[in-house]
Structures are given as structure tokens and as C-alpha cells.
>>> print(open('target-v7.txt').read())   # compact mmCIF, C-alpha atoms
# COMPACT_ATOMS: atom_id res chain seq x y z
CA MET A 1 159.21 99.21 119.77
CA LYS A 2 156.45 100.97 121.60
CA ARG A 3 157.18 104.19 119.69
CA PHE A 4 157.11 102.25 116.42
CA ASN A 5 153.68 100.86 117.33
CA ILE A 6 152.34 104.31 118.06
CA MET A 7 153.66 105.69 114.79
CA MET A 8 152.16 102.87 112.83
CA ALA A 9 148.82 103.35 114.53
CA VAL A 10 148.77 107.06 113.72
CA LEU A 11 149.74 106.43 110.11
CA ALA A 12 147.00 103.85 109.79
CA VAL A 13 144.38 106.30 111.06
CA CYS A 14 145.53 109.01 108.68
CA MET A 15 145.38 106.76 105.66
CA THR A 16 141.97 105.47 106.63
CA VAL A 17 140.65 109.01 106.93
CA THR A 18 142.08 110.19 103.62
CA ALA A 19 140.59 107.24 101.83
CA GLY A 20 137.22 108.90 102.35
CA VAL A 21 138.20 112.24 100.82
CA GLY A 22 136.34 112.95 97.61
CA LEU A 23 137.70 114.46 94.45
CA THR A 24 138.19 118.28 94.35
CA SER A 25 137.32 120.48 91.35
CA SER A 26 138.75 123.70 89.96
CA TYR A 27 136.69 126.16 87.94
CA PHE A 28 137.41 128.73 85.26
CA THR A 29 137.23 132.13 86.91
CA THR A 30 138.70 135.55 86.26
CA TYR A 31 138.29 139.17 87.35
CA ALA A 32 139.14 142.74 86.32
CA GLU A 33 139.72 145.77 88.53
CA ALA A 34 139.61 149.50 87.96
CA LYS A 35 139.93 152.43 90.30
CA GLY A 36 139.79 156.17 89.92
CA GLY A 37 138.89 159.38 91.63
CA THR A 38 138.71 163.11 91.39
CA SER A 39 137.89 166.04 93.61
CA VAL A 40 134.91 168.23 94.27
CA VAL A 41 135.10 171.94 93.50
CA MET A 42 132.81 174.39 95.21
CA LYS A 43 133.65 177.95 94.30
CA PRO A 44 132.75 180.48 96.97
CA THR A 45 129.73 182.67 96.36
CA SER A 46 130.24 186.39 96.81
CA THR A 47 127.52 188.88 96.03
CA THR A 48 127.25 192.62 96.64
CA PRO A 49 123.98 194.64 96.71
CA ASP A 50 123.63 198.14 95.34
CA GLU A 51 120.59 200.32 96.05
CA SER A 52 119.61 203.73 94.75
CA PHE A 53 116.47 205.85 95.05
CA SER A 54 114.73 208.21 92.67
CA ASP A 55 111.15 209.21 91.89
CA TRP A 56 109.74 207.16 94.72
CA LYS A 57 111.46 204.10 93.35
CA LYS A 58 114.13 202.02 94.94
CA HIS A 59 116.46 200.44 92.39
CA VAL A 60 118.14 197.24 93.57
CA VAL A 61 121.02 195.60 91.70
CA ILE A 62 122.91 192.55 92.95
CA THR A 63 126.38 191.80 91.59
CA ASN A 64 127.95 188.36 91.59
CA ASN A 65 131.59 189.07 92.18
CA SER A 66 134.32 187.64 89.98
CA ASP A 67 135.78 184.13 90.58
CA ALA A 68 132.57 183.15 92.31
CA ALA A 69 130.17 180.38 91.44
CA PRO A 70 127.10 181.19 89.31
CA VAL A 71 124.06 181.82 91.50
CA TYR A 72 120.35 182.41 91.64
CA ILE A 73 119.29 185.72 93.25
CA ARG A 74 116.03 186.63 94.98
CA VAL A 75 115.01 189.90 96.65
CA LYS A 76 112.29 191.00 99.05
CA ALA A 77 111.39 194.43 100.43
CA PHE A 78 109.59 195.56 103.61
CA THR A 79 107.97 198.80 104.59
CA GLY A 80 105.31 200.11 106.92
CA ASP A 81 101.65 199.19 106.47
CA ALA A 82 100.85 202.69 105.27
CA TYR A 83 102.74 202.21 102.08
CA GLU A 84 102.46 199.88 99.17
CA LEU A 85 105.30 198.32 97.22
CA ASN A 86 105.10 197.45 93.52
CA TYR A 87 107.86 195.58 91.75
CA SER A 88 108.94 195.72 88.13
CA GLY A 89 111.82 194.47 86.05
CA ASN A 90 113.20 191.18 84.83
CA TRP A 91 112.10 189.45 88.04
CA THR A 92 109.35 186.94 88.80
CA PRO A 93 107.25 186.85 91.97
CA ALA A 94 107.82 183.69 93.94
CA ALA A 95 107.03 182.22 97.31
CA ASP A 96 107.11 184.17 100.56
CA GLY A 97 107.00 187.57 98.84
CA TYR A 98 110.37 187.18 97.15
CA TYR A 99 111.14 188.20 93.59
CA VAL A 100 113.50 185.86 91.73
CA TYR A 101 115.81 187.16 89.03
CA ASN A 102 114.91 185.45 85.79
CA SER A 103 118.45 184.46 84.81
CA ILE A 104 121.41 182.73 86.37
CA VAL A 105 123.94 185.35 87.42
CA GLU A 106 127.43 184.30 86.33
CA ALA A 107 130.64 185.40 88.02
CA GLY A 108 131.36 189.05 87.37
CA GLN A 109 127.82 189.76 86.19
CA ALA A 110 125.02 191.76 87.79
CA THR A 111 121.27 191.53 87.73
CA GLU A 112 119.13 194.06 85.98
CA ALA A 113 117.58 196.49 88.41
CA LEU A 114 114.56 195.46 90.46
CA ASP A 115 112.49 198.64 90.61
CA ILE A 116 110.44 198.85 93.79
CA THR A 117 107.86 201.61 93.50
CA ILE A 118 106.53 203.01 96.76
CA GLY A 119 102.83 203.65 96.54
CA ASN A 120 100.11 205.22 98.73
CA ILE A 121 102.22 208.25 99.44
CA PRO A 122 99.85 210.67 101.33
CA ASP A 123 99.14 213.84 99.40
CA ASP A 124 99.65 215.87 102.56
CA ALA A 125 102.92 214.28 103.51
CA ALA A 126 105.11 216.89 105.14
CA ALA A 127 108.58 217.51 103.92
CA GLY A 128 111.09 215.60 106.00
CA THR A 129 108.70 212.79 106.79
CA GLU A 130 110.76 209.66 107.11
CA PHE A 131 109.87 206.22 105.95
CA ASN A 132 111.87 203.11 105.54
CA VAL A 133 112.00 200.45 102.83
CA SER A 134 114.20 197.53 103.84
CA VAL A 135 115.51 195.21 101.19
CA ILE A 136 116.85 191.75 101.79
CA TYR A 137 118.33 189.42 99.21
CA GLU A 138 119.59 185.86 99.01
CA ALA A 139 121.91 184.04 96.64
CA THR A 140 122.26 180.28 96.23
CA PRO A 141 124.49 178.17 93.92
CA VAL A 142 123.00 176.89 90.70
CA GLN A 143 121.26 173.52 90.97
CA TYR A 144 121.07 170.74 88.37
CA ASP A 145 118.45 168.19 87.38
CA GLU A 146 119.07 164.47 86.84
CA ASN A 147 120.20 165.15 83.28
CA GLY A 148 122.86 167.63 84.37
CA ASN A 149 120.92 170.66 83.14
CA ALA A 150 120.69 173.79 85.27
CA VAL A 151 117.32 174.23 86.94
CA GLU A 152 115.38 177.34 85.92
CA PRO A 153 115.71 180.14 88.52
CA VAL A 154 112.00 180.17 89.30
CA ASN A 155 112.22 176.44 90.16
CA ALA A 156 115.30 176.67 92.37
CA ASP A 157 115.15 175.09 95.82
CA TRP A 158 115.74 177.77 98.44
CA SER A 159 115.08 175.51 101.39
CA VAL A 160 118.66 174.26 101.78
CA LYS A 161 119.95 175.42 105.13
CA LEU A 162 123.59 176.19 105.49
CA ASP A 163 125.60 174.93 108.44
CA THR A 164 127.87 177.78 109.44
CA GLY A 165 129.09 176.09 112.63
CA THR A 166 128.13 176.63 116.27
CA ALA A 167 126.95 180.00 117.49
CA GLU A 168 127.28 181.39 120.97
CA GLY A 169 124.71 183.70 122.46
CA GLY A 170 125.68 186.87 124.31
CA GLU A 171 124.46 188.06 127.66
CA MET B 1 139.72 90.49 128.76
CA LYS B 2 143.40 90.40 129.51
CA LYS B 3 144.00 88.35 126.40
CA LEU B 4 142.08 90.84 124.33
CA LYS B 5 144.04 93.71 125.78
CA LYS B 6 147.27 91.88 125.16
CA LEU B 7 146.23 91.23 121.57
CA LEU B 8 145.41 94.89 120.89
CA VAL B 9 148.78 96.14 122.04
CA SER B 10 150.74 93.44 120.30
CA PRO B 11 153.05 94.43 117.39
CA LYS B 12 151.41 91.88 115.14
CA PHE B 13 148.02 93.51 115.55
CA THR B 14 149.42 96.97 114.88
CA THR B 15 151.17 95.78 111.75
CA GLY B 16 148.02 94.02 110.57
CA ALA B 17 145.92 97.13 111.07
CA PHE B 18 148.43 99.16 109.08
CA ILE B 19 148.28 96.70 106.21
CA VAL B 20 144.46 96.85 106.19
CA ALA B 21 144.53 100.68 106.15
CA ALA B 22 146.99 100.71 103.26
CA ALA B 23 144.82 98.30 101.33
CA LEU B 24 141.74 100.47 101.92
CA LEU B 25 143.55 103.54 100.64
CA LEU B 26 144.78 101.70 97.59
CA PHE B 27 141.47 100.21 96.58
CA SER B 28 139.47 103.39 97.27
CA GLY B 29 140.96 104.81 94.09
CA VAL B 30 140.06 101.86 91.99
CA GLY B 31 136.86 102.22 90.01
CA GLY B 32 134.71 99.54 88.56
CA ALA B 33 135.97 97.81 85.46
CA ARG B 34 133.81 97.02 82.51
CA ALA B 35 134.27 95.03 79.42
CA ALA B 36 133.15 96.73 76.24
CA LEU B 37 133.22 96.20 72.57
CA GLN B 38 136.08 98.01 70.92
CA TYR B 39 136.02 99.53 67.53
CA ARG B 40 138.84 101.36 65.94
CA SER B 41 138.02 103.82 63.22
CA GLU B 42 140.26 104.93 60.45
CA THR B 43 142.78 107.63 61.23
CA TYR B 44 141.32 111.14 61.13
CA SER B 45 142.49 114.57 62.14
CA SER B 46 140.75 116.91 64.59
CA GLN B 47 141.36 120.25 66.23
CA LEU B 48 141.76 120.68 69.93
CA LYS B 49 139.76 123.67 71.18
CA MET B 50 141.09 125.45 74.26
CA TYR B 51 138.59 127.23 76.43
CA ASN B 52 139.67 130.75 77.40
CA ILE B 53 137.88 132.76 80.03
CA GLY B 54 138.13 136.52 79.96
CA VAL B 55 136.26 139.51 81.34
CA THR B 56 136.51 143.24 80.66
CA LEU B 57 135.13 146.29 82.45
CA MET B 58 133.79 148.92 80.05
CA GLU B 59 133.58 152.61 80.95
CA ASN B 60 131.73 154.94 78.56
CA ASP B 61 132.05 152.40 75.73
CA THR B 62 135.81 152.01 76.28
CA GLU B 63 137.59 148.94 77.64
CA VAL B 64 139.41 150.08 80.77
CA ALA B 65 140.28 146.88 82.65
CA TRP B 66 140.52 143.23 81.67
CA ARG B 67 141.91 139.83 82.51
CA ASN B 68 141.83 137.28 79.71
CA TYR B 69 143.26 133.79 79.70
CA ASN B 70 145.01 132.84 76.50
CA ALA B 71 145.75 129.16 76.08
CA ASP B 72 148.34 128.75 73.34
CA SER B 73 149.69 125.28 72.58
CA VAL B 74 152.80 126.78 70.95
CA LEU B 75 153.65 129.85 73.01
CA GLY B 76 152.25 128.57 76.28
CA ASP B 77 149.37 129.67 78.43
CA GLU B 78 149.28 133.19 79.78
CA TRP B 79 147.02 135.79 81.36
CA LYS B 80 146.70 139.12 79.63
CA GLN B 81 145.48 141.72 82.04
CA GLN B 82 145.24 145.41 82.73
CA THR B 83 144.15 147.20 85.88
CA GLY B 84 142.16 150.23 84.78
CA VAL B 85 141.74 153.87 85.80
CA LEU B 86 138.22 155.24 86.22
CA LEU B 87 136.93 158.82 85.99
CA GLU B 88 139.91 159.87 83.91
CA ASN B 89 137.88 161.44 81.14
CA LEU B 90 134.91 162.90 82.95
CA LYS B 91 133.33 165.67 80.94
CA THR B 92 133.45 168.36 83.61
CA GLU B 93 133.55 172.10 83.16
CA ASN B 94 136.21 172.49 85.87
CA GLU B 95 139.95 172.23 85.97
CA ASN B 96 141.56 168.91 86.84
CA ASN B 97 138.37 166.98 86.12
CA ALA B 98 136.80 168.29 89.33
CA MET B 99 133.07 167.83 89.80
CA THR B 100 130.45 170.37 90.83
CA PRO B 101 128.18 169.11 93.62
CA GLY B 102 124.64 168.27 92.58
CA LYS B 103 125.50 167.93 88.90
CA PRO B 104 125.47 164.42 87.37
CA TYR B 105 128.21 163.44 84.91
CA GLU B 106 128.11 160.60 82.44
CA GLU B 107 129.69 157.39 83.80
CA LYS B 108 128.44 154.37 81.88
CA LEU B 109 129.72 151.06 83.23
CA CYS B 110 129.09 147.55 81.94
CA VAL B 111 130.87 144.18 81.57
CA LYS B 112 132.02 142.42 78.42
CA ASN B 113 132.79 138.73 77.98
CA THR B 114 136.18 138.76 76.25
CA GLY B 115 136.74 135.05 76.55
CA SER B 116 135.64 132.13 74.40
CA ILE B 117 133.27 130.51 76.87
CA ASN B 118 129.97 131.69 78.25
CA GLN B 119 130.09 133.02 81.78
CA TYR B 120 128.21 134.51 84.70
CA VAL B 121 129.42 137.84 86.04
CA ARG B 122 129.04 140.18 88.97
CA ALA B 123 130.29 143.69 89.78
CA SER B 124 131.43 145.02 93.14
CA VAL B 125 131.44 148.81 93.49
CA TYR B 126 133.30 150.67 96.26
CA THR B 127 133.07 154.44 96.95
CA TYR B 128 134.85 156.44 99.62
CA TRP B 129 136.45 159.81 100.40
CA THR B 130 140.18 160.39 100.86
CA ASP B 131 142.50 163.16 101.90
CA GLU B 132 145.30 164.48 99.68
CA ASN B 133 147.51 161.58 100.74
CA GLY B 134 144.99 158.94 99.75
CA THR B 135 144.04 158.10 103.34
CA LYS B 136 140.34 157.41 103.81
CA ARG B 137 138.26 160.14 105.41
CA THR B 138 135.55 159.18 107.86
CA ASP B 139 134.04 162.65 108.29
CA LEU B 140 132.37 162.42 104.89
CA SER B 141 129.77 159.77 104.14
CA PRO B 142 130.29 157.48 101.11
CA SER B 143 126.58 157.93 100.40
CA LEU B 144 127.38 161.47 99.18
CA ILE B 145 129.07 159.85 96.18
CA ARG B 146 126.08 159.04 93.97
CA LEU B 147 127.08 156.46 91.39
CA HIS B 148 123.68 155.87 89.78
CA LEU B 149 123.32 152.08 89.70
CA ILE B 150 120.79 150.47 87.40
CA GLU B 151 118.81 147.55 88.72
CA ASP B 152 116.46 146.73 85.89
CA GLY B 153 116.11 143.04 86.41
CA SER B 154 119.23 142.31 84.40
CA TRP B 155 121.31 143.44 87.35
CA ILE B 156 120.22 142.75 90.92
CA GLU B 157 121.83 143.81 94.17
CA ASP B 158 123.03 141.39 96.80
CA THR B 159 121.71 143.27 99.81
CA THR B 160 123.45 140.91 102.22
CA ALA B 161 126.81 142.15 100.95
CA LYS B 162 126.00 145.84 101.18
CA THR B 163 128.07 148.14 103.36
CA PRO B 164 128.31 151.96 103.43
CA GLU B 165 131.18 151.71 100.96
CA ARG B 166 130.31 148.58 98.95
CA THR B 167 127.52 147.49 96.64
CA VAL B 168 127.57 144.09 94.90
CA LEU B 169 125.49 143.50 91.77
CA TYR B 170 124.87 140.21 89.99
CA TYR B 171 124.07 139.95 86.30
CA THR B 172 121.13 137.60 86.20
CA LYS B 173 121.63 136.33 82.66
CA LEU B 174 124.24 134.10 81.06
CA LEU B 175 126.76 136.29 79.25
CA ASP B 176 127.69 134.74 75.93
CA ALA B 177 131.22 134.94 74.61
CA GLY B 178 131.86 138.27 72.91
CA GLN B 179 128.74 139.91 74.32
CA GLN B 180 128.39 142.67 76.87
CA THR B 181 125.87 143.26 79.59
CA SER B 182 123.46 146.13 79.89
CA LEU B 183 124.73 149.10 81.93
CA PHE B 184 124.93 148.68 85.68
CA ALA B 185 125.70 152.38 86.17
CA ASP B 186 125.12 155.40 83.94
CA SER B 187 126.08 158.56 85.87
CA ILE B 188 127.95 159.86 88.88
CA ALA B 189 127.25 162.92 91.01
CA ILE B 190 128.21 164.35 94.37
CA ASP B 191 125.25 165.05 96.61
CA GLY B 192 124.60 168.77 96.92
CA THR B 193 124.34 168.57 100.70
CA ILE B 194 128.13 168.53 100.81
CA ALA B 195 127.85 172.23 100.03
CA THR B 196 125.82 173.04 103.15
CA LYS B 197 128.84 173.14 105.48
CA VAL B 198 130.10 176.69 105.00
CA ASN B 199 131.98 179.59 106.46
CA GLN B 200 130.07 182.79 105.78
CA THR B 201 131.13 186.40 106.22
CA THR B 202 129.29 189.68 105.65
CA ALA B 203 131.29 192.84 104.91
CA ASP B 204 130.30 196.38 105.80
CA ASP B 205 129.18 197.09 102.24
CA GLY B 206 126.77 194.17 102.43
CA THR B 207 128.93 191.75 100.47
CA ILE B 208 128.18 188.22 101.61
CA THR B 209 130.92 185.68 100.97
CA THR B 210 130.26 181.98 101.45
CA GLU B 211 133.14 179.50 101.43
CA TYR B 212 132.59 175.76 101.44
CA VAL B 213 134.31 173.63 104.06
CA TYR B 214 134.64 170.56 101.79
CA ASN B 215 135.86 172.40 98.72
CA GLY B 216 138.58 170.26 97.09
CA ALA B 217 137.62 167.03 98.88
CA ASN B 218 138.79 163.90 97.01
CA PHE B 219 136.80 160.75 96.44
CA VAL B 220 137.48 157.32 94.91
CA VAL B 221 135.40 154.82 92.95
CA GLU B 222 136.63 151.21 92.67
CA VAL B 223 134.99 148.52 90.56
CA THR B 224 135.84 144.82 90.49
CA VAL B 225 134.10 142.53 88.01
CA ASP B 226 134.22 138.76 88.47
CA ALA B 227 133.40 136.04 85.94
CA VAL B 228 132.84 132.33 86.39
CA GLN B 229 132.29 129.52 83.87
CA GLU B 230 128.85 128.50 82.64
CA HIS B 231 129.34 124.80 83.23
CA ASN B 232 128.28 123.75 86.73
CA ALA B 233 127.89 127.46 87.48
CA GLN B 234 126.00 127.04 90.72
CA ALA B 235 128.84 125.09 92.30
CA ALA B 236 131.44 127.30 90.65
CA ILE B 237 129.88 130.47 92.07
CA TRP B 238 129.67 128.93 95.51
CA SER B 239 133.30 127.83 95.31
CA ALA B 240 134.74 131.00 93.76
CA TRP B 241 132.53 133.74 95.21
CA GLY B 242 131.20 132.10 98.36
CA LYS B 243 127.65 132.95 97.36
CA LYS B 244 124.68 130.61 97.27
CA VAL B 245 122.73 131.14 94.06
CA THR B 246 120.33 129.17 91.91
CA VAL B 247 121.17 128.83 88.24
CA SER B 248 118.35 127.65 86.05
CA ASN B 249 117.99 127.95 82.28
CA GLY B 250 120.67 130.60 82.07
CA THR B 251 119.22 132.74 84.84
CA VAL B 252 120.78 133.46 88.21
CA THR B 253 118.74 134.12 91.31
CA LEU B 254 120.29 134.86 94.67
CA GLY B 255 119.86 132.32 97.43
CA GLU B 256 119.19 128.62 97.22
>>> encode(input="target-v7.txt", output="C-alpha cells")
Amino acid sequence: MKRFNIMMAVLAVCMTVTAGVGLTSSYFTTYAEAKGGTSVVMKPTSTTPDESFSDWKKHVVITNNSDAAPVYIRVKAFTGDAYELNYSGNWTPAADGYYVYNSIVEAGQATEALDITIGNIPDDAAAGTEFNVSVIYEATPVQYDENGNAVEPVNADWSVKLDTGTAEGGE
Amino acid sequence: MKKLKKLLVSPKFTTGAFIVAAALLLFSGVGGARAALQYRSETYSSQLKMYNIGVTLMENDTEVAWRNYNADSVLGDEWKQQTGVLLENLKTENENNAMTPGKPYEEKLCVKNTGSINQYVRASVYTYWTDENGTKRTDLSPSLIRLHLIEDGSWIEDTTAKTPERTVLYYTKLLDAGQQTSLFADSIAIDGTIATKVNQTTADDGTITTEYVYNGANFVVEVTVDAVQEHNAQAAIWSAWGKKVTVSNGTVTLGE
């Protein structure tokens, strides 16, 4: 009898509580899903310089090797203060003394020669006198604007620094 | 006091309380009754209009994913749906649809109301990197996947729902049946900084070869579009999407 009383009391409480529950509503809803992906391809860049000398001119040609990504090329030369360097060819002077090749160099193609004329050669220069003209060059992958068009070589951003991993110093 | 205690534990009291509770439950469902004039018109025929809700994700002017409710009094109600595939027809210059870093490719996304009732919609965009087995990679940031989202006032971002992988956009206008929204994305690109991690070697002849560490990395874009009815939209959005919004004159603003 006692158990019956307890059960009845519990049932009474439950029904009293549910009497206060409001109506629930359902709404029209729907959804659609889509998913997809692809990969990123970054062809390696591989460029080879070629230098020759004649008539007080250094001729510099850079080749973009086959199966490589198209690149921009820029070149810069150094020599002693006694000499003067003058550049000519299908290259445009740019920042920091570099000369930028005017076209994108595709895989398997080479630049036209950058002719670096050495000036201020002393008239009394003795035979065997040595001098040095150092040439450095850089290549960077082609860049694109917001419309997907390749940026002109003279407007390329050369400030991107590559992360080649950690380096250890020697003793 | 003893009498009161005795009364409360008595079977009669318990039974009486139960009867009162049952009566309360019964009468809580009874509404007020009114008397009204009745008028019966002549017999006429009418059509019963069923309200179907449907939404479709459009990619580059093509329907790629949808879920439409079709209420048919003869054949029965059913959902017609398709889960879509994105980035299948990217116009890339590479094999296997691969993308070149730094170069944007066309990826126009919008939503179409393919139901028969007006609705409010939102789009949730997820981007992440995976390995060849489809497992997520955590060494590459989702921010390198640049899906260019358009927030022009027609679409606004719910910044409270933003995570490194997820962006949620709400279309602020009521989308009429049969109409489509303006674009919420128009291009996709991979940030060029992914190409800065390299292995570089210089040969004796001066040949410099640069190989990219993340060459061949895979990435995924997922889009889910949700639609909710126009009627009582504010409550519907709160119930279905868990988001407090204000709906006024066909315009949605986030927050109360």
C-alpha cells in the first residue's frame, strides 16, 4: 500500500509538470553539401649559367633547364673600382644594380645574352694584367596577379626568402 | 499537527491528489469555446498547394549539390538530393587538375532556391590540407588555401563561428523561390608562400636546382548550404541553426 501511494504521488507530480509544457513547432529546413579537392604542383626550378668573353665583353646566358617551372631571371656583375661596367641586351636595369631579363624564360629555353662591356681599361695596361668580373644571377618562379595573369618580369617580387632548412656553422 | 500529518500520508489524500492532477492535465488542453454564426456556401472546388523547400549549391553556373523536398499527393513525399563534388573542372594548365601556387583559378559559388517557398540561406565553408590517404595535415595552415569570399553586404560573415578551417556566411536578403543569390566566392588560389620551403642544390657547373618541399600536397574545400523557411524565420533560424538573428522586412542581421 505504501508503495502504491508513492507511485501515485510520483505520477501526479509528472502529470502536473507536463500540463505546463507548451506546444512545440517544426520548421521547413533543408541543406546541400559538396566537397572536393586537388593538389598543388610546384615544378622544381633548375637554371644553368654560361659565360664567355671577347672584345672586352662578358656574354652571360642563363638557361632554364627542361621540365622546370618558368622563371624570371636577373643578373648582376661586380668588378674593381678601376673599371666600369656597361650592360646591353634584352635586359632592363632594376633595383640593387640587377638587370632583369625582359621575358619569362620557359622550360628548355635560354635568355638572350647580357653583354657586359668592361670600360676604363688603362691605355698602358701591361699584358698579363689580371682583373676580375664576377657575375651573379637569380631565378624565381613566375608570379601571378589577382586575375591569374603572369606579372611582367620587371615587376616581379624578388623579396621572397626561401627556407632551405637549418644550417650549421663550422669551426 | 499530528492530524495533518496523518491526513497527508493517508491513501485517500494521495488518491485525491492524483485525481486533481489528472483533471489539470485534461483541462490544460481544452481551449476556450465560442459560439459563432455559421454559413455554408455552395459546393466549390479548390486546389491544395503543397509547400516544398529546396536549396542548391551552384559552382561556376552549374548545379552541383541539392536537396529538394517534393510533396506529391499521389506518389508520396520524398527528398531528392545529391551530394556534390567541387573543384572537378578547374581550368588549370597542369595535369590532374593540379594548381600552381600564387595563381588564382575561377571558382564561382552561389546558392539557388530550388523550392517553392521563399527562404533564408547561409553557407559554411571548410578548407584544410590532407595527405594522400585523406588524413588531415596539421603542418600546413588552412589559411594558405585562399578561397576568395565576397562580403558585399549581400553576404556577411558570422565572425563568432570562424575557426582556422571554417567560415560561415549569411545571405542577408530573403531568397525568393527560383532565384539565386549573388556570388559568395569567385576564385581559389594557393598562397605562394607554400613555395618558400625548399631543398636547394648547386652543382659544380653552377646549375642551381630548387625543389619544393610541399610539391604535390593535397587540399580539400567543403561547402554546406542551409535554408530555412521565410515564415517565422527568426524563430526558425534559432531553432534550426542555433543562431540569434533579427529578421526585419526581408533582411537578416546577426545578433538580437
>>> atom_distance(input="target-v7.txt", atom1="CA of Ala95 (chain A)", atom2="CA of Phe53 (chain A)")
25.5 Å
>>> atom_distance(input="target-v7.txt", atom1="CA of Glu157 (chain B)", atom2="CA of Phe219 (chain B)")
22.7 Å
>>> closest_residue(input="target-v7.txt", among="B:Gln38, B:Thr43, B:Ser187, B:Ser248", to="Glu107 (chain B)", atoms="all atoms listed in the file")
B:Ser187
>>> interface_residues(input="target-v7.txt", of="chain A", to="chain B", cutoff="9 Å", atoms="all atoms listed in the file", output="ChimeraX atom specification")
/A:1-2,4-6,8-9,11-20,26-50,142-150,160-165
>>> closest_residue(input="target-v7.txt", among="B:Asp77, B:Met1, B:Ile156, B:Gly134", to="Lys173 (chain B)", atoms="all atoms listed in the file")
B:Ile156
>>> atom_distance(input="target-v7.txt", atom1="CA of Asn102 (chain A)", atom2="CA of Val135 (chain A)")
18.2 Å
>>> residues_near_point(input="target-v7.txt", point="(127.6, 148.4, 81.6)", cutoff="6 Å", atoms="all atoms listed in the file", output="ChimeraX atom specification")
/B:109-111,181-184
>>> residues_around(input="target-v7.txt", residues="Asp96 (chain A)", least_positions_apart="5", cutoff="12 Å", atoms="only C-alpha atoms", output="NGL selection string")
:A and (74-77 or 158-159)
>>> residues_around(input="target-v7.txt", residues="Val133 (chain A)", least_positions_apart="2", cutoff="12 Å", atoms="only C-alpha atoms", output="number ranges by chain")
A: 51-53, 56-60, 76-86, 116-119, 130-131, 135-136
